[in-house]
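entry-v4.cif follows (mmCIF, C-alpha atoms and all ligand atoms):
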data_upload
#
loop_
_atom_site.label_atom_id
_atom_site.label_comp_id
_atom_site.auth_asym_id
_atom_site.auth_seq_id
_atom_site.Cartn_x
_atom_site.Cartn_y
_atom_site.Cartn_z
CA MET U 1 -111.16 45.48 25.70
CA ILE U 2 -112.90 48.75 25.26
CA ILE U 3 -116.50 49.77 25.80
CA LYS U 4 -117.56 52.94 24.08
CA TYR U 5 -120.27 53.66 26.57
CA THR U 6 -121.45 56.82 24.80
CA ASN U 7 -122.96 54.46 22.19
CA PHE U 8 -125.34 53.07 24.80
CA SER U 9 -128.59 54.63 25.96
CA ASP U 10 -129.53 54.77 29.63
CA GLY U 11 -130.83 51.46 30.84
CA LEU U 12 -129.76 47.84 30.98
CA HIS U 13 -127.57 46.34 28.29
CA GLU U 14 -126.04 42.93 27.85
CA PHE U 15 -123.09 42.23 25.59
CA LYS U 16 -120.12 40.00 25.10
CA LEU U 17 -116.50 40.99 24.62
CA SER U 18 -113.74 38.72 23.45
CA GLU U 19 -110.02 39.06 23.00
CA PRO U 20 -107.10 36.64 22.68
CA ALA U 21 -105.43 35.93 26.05
CA LYS U 22 -102.06 36.83 24.56
CA LYS U 23 -103.30 40.27 23.54
CA LEU U 24 -104.47 40.91 27.10
CA GLY U 25 -100.99 40.09 28.37
CA LEU U 26 -102.04 36.75 29.87
CA GLU U 27 -99.33 34.21 29.30
CA GLU U 28 -98.10 30.79 30.34
CA SER U 29 -101.22 28.98 31.49
CA PHE U 30 -103.68 30.82 29.24
CA PHE U 31 -104.62 30.15 25.65
CA GLY U 32 -107.37 31.01 23.19
CA ASP U 33 -109.83 33.82 23.63
CA VAL U 34 -110.90 35.35 26.90
CA GLU U 35 -114.63 36.04 26.90
CA VAL U 36 -116.32 38.62 29.03
CA ASP U 37 -120.09 38.64 29.50
CA CYS U 38 -121.18 42.05 30.66
CA LYS U 39 -124.34 43.49 32.11
CA MET U 40 -124.19 47.24 31.99
CA ASP U 41 -126.57 49.46 33.89
CA LYS U 42 -126.20 52.99 32.60
CA SER U 43 -127.86 55.95 34.27
CA PRO U 44 -127.27 59.72 34.01
CA HIS U 45 -124.84 59.64 36.94
CA GLN U 46 -123.10 56.34 36.75
CA ILE U 47 -122.41 53.07 35.01
CA VAL U 48 -122.44 49.76 36.83
CA LEU U 49 -120.77 46.85 35.10
CA ASN U 50 -121.36 43.29 36.20
CA CYS U 51 -119.09 40.98 34.25
CA THR U 52 -118.08 37.34 34.08
CA VAL U 53 -114.65 36.50 32.70
CA THR U 54 -114.23 33.09 31.10
CA ALA U 55 -110.69 32.03 30.22
CA HIS U 56 -109.09 28.81 28.99
CA THR U 57 -106.09 27.46 30.80
CA LYS U 58 -103.64 24.70 30.07
CA TYR U 59 -101.10 23.48 32.61
CA ASP U 60 -99.34 20.41 33.90
CA CYS U 61 -100.89 18.98 37.05
CA ASP U 62 -98.82 19.80 40.15
CA ARG U 63 -99.18 16.24 41.42
CA CYS U 64 -99.07 13.94 38.39
CA ALA U 65 -97.79 16.25 35.62
CA ARG U 66 -100.72 15.34 33.39
CA GLU U 67 -101.50 18.04 30.83
CA THR U 68 -104.76 19.60 31.88
CA ILE U 69 -107.14 21.92 30.09
CA LYS U 70 -109.62 23.81 32.21
CA GLU U 71 -112.02 26.65 31.83
CA VAL U 72 -111.87 29.19 34.64
CA LYS U 73 -114.41 31.86 35.49
CA ASN U 74 -114.47 34.94 37.66
CA ASP U 75 -117.05 37.65 38.29
CA PHE U 76 -116.44 41.28 38.93
CA LEU U 77 -118.46 44.38 39.59
CA LEU U 78 -117.26 47.86 38.65
CA SER U 79 -118.89 51.21 39.28
CA PHE U 80 -118.04 54.30 37.28
CA ILE U 81 -119.18 57.68 38.49
CA PHE U 82 -119.43 60.57 36.04
CA THR U 83 -117.54 63.51 37.42
CA LYS U 84 -116.50 66.92 36.10
CA GLU U 85 -113.42 67.18 38.32
CA LYS U 86 -110.44 65.02 37.75
CA GLN U 87 -110.49 62.62 40.66
CA GLU U 88 -108.76 59.41 41.41
CA SER U 89 -110.29 56.66 43.43
CA ASP U 90 -108.17 54.24 45.47
CA ASP U 91 -110.94 51.69 45.34
CA PHE U 92 -110.21 49.15 42.65
CA ASN U 93 -113.91 48.58 41.91
CA PHE U 94 -114.96 52.19 42.03
CA LYS U 95 -113.77 54.53 39.31
CA MET U 96 -114.32 58.04 38.03
CA LEU U 97 -115.19 59.00 34.47
CA SER U 98 -114.44 62.52 33.36
CA PRO U 99 -116.44 64.07 30.49
CA GLU U 100 -113.58 63.78 28.00
CA GLN U 101 -113.47 60.02 28.45
CA ASP U 102 -115.97 58.34 26.19
CA LYS U 103 -114.60 54.84 26.65
CA ILE U 104 -114.05 52.34 29.42
CA ASP U 105 -110.97 50.20 29.06
CA LEU U 106 -111.45 46.85 30.78
CA THR U 107 -108.10 45.35 29.79
CA THR U 108 -106.45 45.67 33.21
CA ASP U 109 -109.52 44.45 35.08
CA VAL U 110 -110.01 41.45 32.82
CA PHE U 111 -106.30 40.60 33.11
CA GLU U 112 -106.39 40.77 36.93
CA TYR U 113 -109.60 38.76 37.32
CA ALA U 114 -108.44 36.09 34.87
CA GLU U 115 -105.16 35.74 36.79
CA LEU U 116 -107.09 35.49 40.06
CA ALA U 117 -109.24 32.72 38.60
CA LEU U 118 -106.19 30.48 38.24
CA PRO U 119 -106.15 27.99 41.10
CA MET U 120 -103.21 28.17 43.54
CA LYS U 121 -102.78 24.44 43.28
CA LYS U 122 -103.01 23.44 39.65
CA LEU U 123 -104.46 19.95 39.65
CA CYS U 124 -105.89 17.79 36.87
CA GLU U 125 -108.75 17.01 39.25
CA ASP U 126 -109.28 17.66 42.95
CA GLU U 127 -108.91 13.96 43.71
CA CYS U 128 -105.63 13.49 41.82
CA LYS U 129 -103.62 10.77 43.54
CA GLY U 130 -100.33 11.95 42.07
CA LEU U 131 -97.26 9.87 41.43
CA CYS U 132 -95.72 7.25 43.68
CA PRO U 133 -92.73 8.98 45.32
CA LYS U 134 -90.70 5.78 44.95
CA CYS U 135 -91.34 4.35 41.49
CA GLY U 136 -93.10 7.24 39.77
CA THR U 137 -96.20 5.23 38.84
CA ASN U 138 -99.15 7.46 38.08
CA LEU U 139 -101.47 6.35 40.88
CA ASN U 140 -104.51 7.64 38.99
CA GLU U 141 -103.94 4.97 36.34
CA ASN U 142 -102.14 2.17 38.14
CA SER U 143 -101.22 0.96 41.57
CA CYS U 144 -97.78 -0.15 42.61
CA ASN U 145 -96.40 -2.40 45.30
CA CYS U 146 -94.00 0.06 46.81
CA ASP U 147 -93.61 -0.04 50.54
CA LEU U 148 -94.17 3.53 51.61
CA THR U 149 -93.88 2.95 55.34
CA ILE U 150 -90.72 5.09 55.47
CA GLU U 151 -93.03 8.00 54.75
CA ASN U 152 -94.94 7.19 57.91
CA ASP U 153 -91.82 6.97 60.02
CA ILE U 154 -92.19 10.58 61.09
CA TRP U 155 -94.78 9.24 63.52
CA ALA U 156 -92.49 6.58 64.99
CA PRO U 157 -91.01 8.71 67.79
CA LEU U 158 -94.51 9.77 68.78
CA LYS U 159 -95.67 6.18 68.76
CA SER U 160 -92.87 4.97 71.00
CA LEU U 161 -93.59 7.85 73.36
CA LYS U 162 -97.21 6.81 73.43
CA ASP U 163 -96.20 3.21 74.15
CA LYS U 164 -94.06 4.42 77.01
CA PHE U 165 -96.94 6.26 78.59
CA ASN U 166 -99.24 3.31 78.19
CA ASN U 167 -96.90 0.96 80.00
ZN ZN Z 201 -102.99 15.09 38.45
ZN ZN Z 202 -94.47 2.87 43.58
#
The structure in this file should be written as structure tokens.
Amino acid sequence: MIIKYTNFSDGLHEFKLSEPAKKLGLEESFFGDVEVDCKMDKSPHQIVLNCTVTAHTKYDCDRCARETIKEVKNDFLLSFIFTKEKQESDDFNFKMLSPEQDKIDLTTDVFEYAELALPMKKLCEDECKGLCPKCGTNLNENSCNCDLTIENDIWAPLKSLKDKFNN
């Protein structure tokens, strides 16, 4: 994902970039094209890029294993300062552009922000009820008659202690 910024005049520009997730190095959960909507503010001294990454993900729900397709989005802001000296910046969102560079390569940034947009817990929906630990029934679709009190037994010692104090 490359922006040839020398093709742009000073001022505000809006454009869209798109590249297949695979080509960006995004694998596993990603498919299709990753789209990046950019607002570029170019001035004689710097370029400020305000971008939104939209990516398509497909994964199996962590709770019920249902195949889930979700669109994820992430915003990022990058500043590029024109500089004659070769300088490195440790700030991820603040970069230097030397005169011999006429392009900005967004590949790494888009990759990182798309990865960050993936939820830690991959669920089909926030309210997913998951599977019954005993019979495996998908509790989003059906209910079962399993007695799950064993699961609650971790509280039993506490309960008996409480009873003791109350007597
Ligand atoms: Zn689920
Ligand atoms: Zn069950």
Could you give me, as a PyMOL selection string, every polymer residue with an atom at most 7 Å away from an atom of ligand ZN 201 (chain Z), counting all atoms listed in the file?
chain U and resi 61-66+123-125+128-130
Distance limit 6 Å, reference ligand ZN 202 (chain Z), atoms considered: all atoms listed in the file. Which residues make the cut? Give them as a PDB file with C-alpha atoms, in the coordinates of the input.
ATOM      1  CA  CYS U 132     -95.720   7.250  43.680  1.00  0.00           C
ATOM      2  CA  LYS U 134     -90.700   5.780  44.950  1.00  0.00           C
ATOM      3  CA  CYS U 135     -91.340   4.350  41.490  1.00  0.00           C
ATOM      4  CA  GLY U 136     -93.100   7.240  39.770  1.00  0.00           C
ATOM      5  CA  THR U 137     -96.200   5.230  38.840  1.00  0.00           C
ATOM      6  CA  CYS U 144     -97.780  -0.150  42.610  1.00  0.00           C
ATOM      7  CA  ASN U 145     -96.400  -2.400  45.300  1.00  0.00           C
ATOM      8  CA  CYS U 146     -94.000   0.060  46.810  1.00  0.00           C
TER       9      CYS U 146
END
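With distances restricted to all atoms listed in the file, U:Met96 is the closest residue to His45 in chain U from U:Ile3, U:Val72, U:Ile104, U:Met96.
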With only C-alpha atoms as the counted atoms, please give the residues lying no more than 7 Å from Phe80 in chain U, apart from itself and same-chain residues fewer than 2 positions off, as a count of residues only.
9
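A straight line drawn from CA of Cys38 in chain U to CA of Val53 in chain U is 8.8 Å long.
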Test item: residues at most 7 Å from Ser98 in chain U, all atoms listed in the file, excluding those fewer than 4 positions along its chain, as a ChimeraX atom specification:
/U:82-86
Smallest atom-to-atom distance to Lys73 in chain U: which of U:Ser18, U:Thr57, U:Thr52, U:Thr107, using all atoms listed in the file?
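Smallest separation from Lys73 in chain U among the options: U:Thr52.
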So what do you get for CA of Ala21 in chain U versus CA of Tyr5 in chain U, distance-wise?
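For CA of Ala21 in chain U relative to CA of Tyr5 in chain U, the distance reads 23.1 Å.
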Nearest to Leu118 in chain U: which of U:Phe8, U:Asn74, U:Met1, U:Asn166 is it, counting only C-alpha atoms?
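With only C-alpha atoms as the atom set, the closest residue is U:Asn74.
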Nearest residue to Tyr59 in chain U out of U:Lys122, U:Pro44, U:Lys39, U:Ala117, using only C-alpha atoms?
U:Lys122
Å distance separating CA of Ala55 in chain U from CA of Asp33 in chain U, one decimal place:
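Interatomic distance here is 6.9 Å.
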